[in-house]
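Read through the structure below, which is laid out as structure tokens, and then see the notes.
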Amino acid sequence: MQFDPNLTLTGYGVTLRRLSHDRIEMVRNWRNDPKISQYMLTQDYISPEMQEKWFQKVSQSETEFYFIVEYQNKPIGLICIRGINYEKKIGEPGQYIYDDGYLNSDVGMRAGLCLGQFIWDMLKLEGCYIYILDNNKRAIDYNLLIGYTQVDEYVGDNVHKYVITRERALNPSPKMQRIRKILFKTK
């Protein structure tokens, strides 16, 4: 995948814009907010200097793609695929919706499906893995719905690993097929 700092993905009624320098402070504030940080594996406070250093690393990477989720031209969250191993064809996606007005809506699903097209069609990955804290019920339910399965791999106290294959993602359950059909109308 060739590096493109202006990469923008659209589909399912959302826009995913590659994270740019002018938005890293907004993302840092979102990430430091306890409503988000409580569900992260690393919950340490992120300083402006730490954010800058992180951004310099990921902004030039071909294995880290961070996007601002925009819905109706408004930034509402962050979504990513990171740690991509092109040889093994795997990566680790993640997302959070910061704007409380969209927490119990379908916007997170829309963003996930849009990123999924990038993961499966453009990056040509064969699988993804995620780590979720046991107290993050919303994330567990969402990821099980879209086809992830929990694996018996010890990763730490109160943390479980979930995986999805390309085959499972592209051939979802009947329930997920109905959801996609509804969301596809606004693709």
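In the structure tokens, chains take letters A, B, ... by order of appearance, with residues numbered from 1 within each chain and ligands from 1 in the order shown.
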inquiry  = Using only C-alpha atoms, which protein or nucleic acid residues come within 8 Å of Ala169 of chain A? Drop anything in the same chain fewer than 3 positions from it, and give the result as a PyMOL selection string.
reply    = chain A and resi 146-147+164-166+172
Can you write just those residues out, all heavy atoms, as a compact mmCIF listing (two decimals), in the first residue's frame?
```txt
# COMPACT_ATOMS: atom_id res chain seq x y z
N ILE A 146 -20.39 -8.54 14.24
CA ILE A 146 -19.82 -8.43 12.90
C ILE A 146 -18.98 -9.64 12.50
O ILE A 146 -18.49 -9.70 11.39
CB ILE A 146 -19.02 -7.12 12.70
CG1 ILE A 146 -17.81 -7.05 13.63
CG2 ILE A 146 -19.93 -5.92 12.88
CD1 ILE A 146 -16.90 -5.86 13.35
N GLY A 147 -18.83 -10.61 13.42
CA GLY A 147 -18.19 -11.86 13.03
C GLY A 147 -16.93 -12.25 13.76
O GLY A 147 -16.34 -13.30 13.47
N ILE A 164 -11.06 -12.37 13.41
CA ILE A 164 -11.98 -12.54 12.29
C ILE A 164 -11.14 -12.84 11.06
O ILE A 164 -10.05 -12.30 10.90
CB ILE A 164 -12.87 -11.29 12.07
CG1 ILE A 164 -14.00 -11.60 11.08
CG2 ILE A 164 -12.04 -10.09 11.62
CD1 ILE A 164 -15.08 -10.53 11.02
N THR A 165 -11.65 -13.73 10.22
CA THR A 165 -10.98 -14.04 8.97
C THR A 165 -11.65 -13.25 7.85
O THR A 165 -12.81 -12.82 7.97
CB THR A 165 -11.07 -15.53 8.64
OG1 THR A 165 -12.45 -15.87 8.47
CG2 THR A 165 -10.42 -16.38 9.72
N ARG A 166 -10.94 -13.11 6.78
CA ARG A 166 -11.49 -12.48 5.58
C ARG A 166 -12.77 -13.19 5.14
O ARG A 166 -13.78 -12.57 4.84
CB ARG A 166 -10.43 -12.53 4.47
CG ARG A 166 -10.90 -12.10 3.12
CD ARG A 166 -9.82 -12.40 2.05
NE ARG A 166 -10.16 -11.72 0.86
CZ ARG A 166 -9.89 -10.44 0.61
NH1 ARG A 166 -9.25 -9.71 1.49
NH2 ARG A 166 -10.25 -9.88 -0.53
N PRO A 172 -20.95 -12.80 6.04
CA PRO A 172 -21.46 -12.62 7.40
C PRO A 172 -22.70 -13.46 7.70
O PRO A 172 -23.32 -14.03 6.80
CB PRO A 172 -21.80 -11.13 7.45
CG PRO A 172 -22.13 -10.78 6.04
CD PRO A 172 -21.21 -11.64 5.20
```
task = Could you give me, as a PyMOL selection string, the residues within 12 Å of Lys89 of chain A, counting only C-alpha atoms and dropping anything in the same chain fewer than 6 positions from it?
result = chain A and resi 63+82-83+119-120+122-129+165-166
task = From the DSSP assignment of the backbone, select every residue of segment 104-184 of chain A that is strand (DSSP E), and format the answer as a list in words.
result = Gly127, Cys128, Tyr129, Ile130, Tyr131, Ile132, Leu133, Thr149, Gln150, Val151, Val159, His160, Lys161, Tyr162, Val163, Ile164 and Thr165 of chain A
Backbone DSSP call of helix (DSSP H, G or I) for segment 12-175 of chain A, listed as a PyMOL selection string = chain A and resi 21-32+34-37+48-58+100-102+107-122+137-146+166-170+174-175
message = Please compute the atom CA of Ile132 of chain A-atom CA of Gln43 of chain A distance, one decimal, in Å.
response =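 Atom-to-atom, atom CA of Ile132 of chain A and atom CA of Gln43 of chain A are spaced 13.2 Å apart.
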ask   = In terms of the shortest atom-to-atom distance over only C-alpha atoms, which of A:Ile76, A:Ala139, A:Met50, A:Ile130 is closest to Glu153 of chain A?
value = A:Ile130
task = Provide the atom CA of Asn136 of chain A to atom CA of Val14 of chain A distance in Å, to one decimal place.
result = 23.9 Å
remark   = Nearest to Lys175 of chain A, restricted to only C-alpha atoms and choosing among A:Leu145, A:Val58, A:Ile81, A:Leu19, comes out as A:Leu145
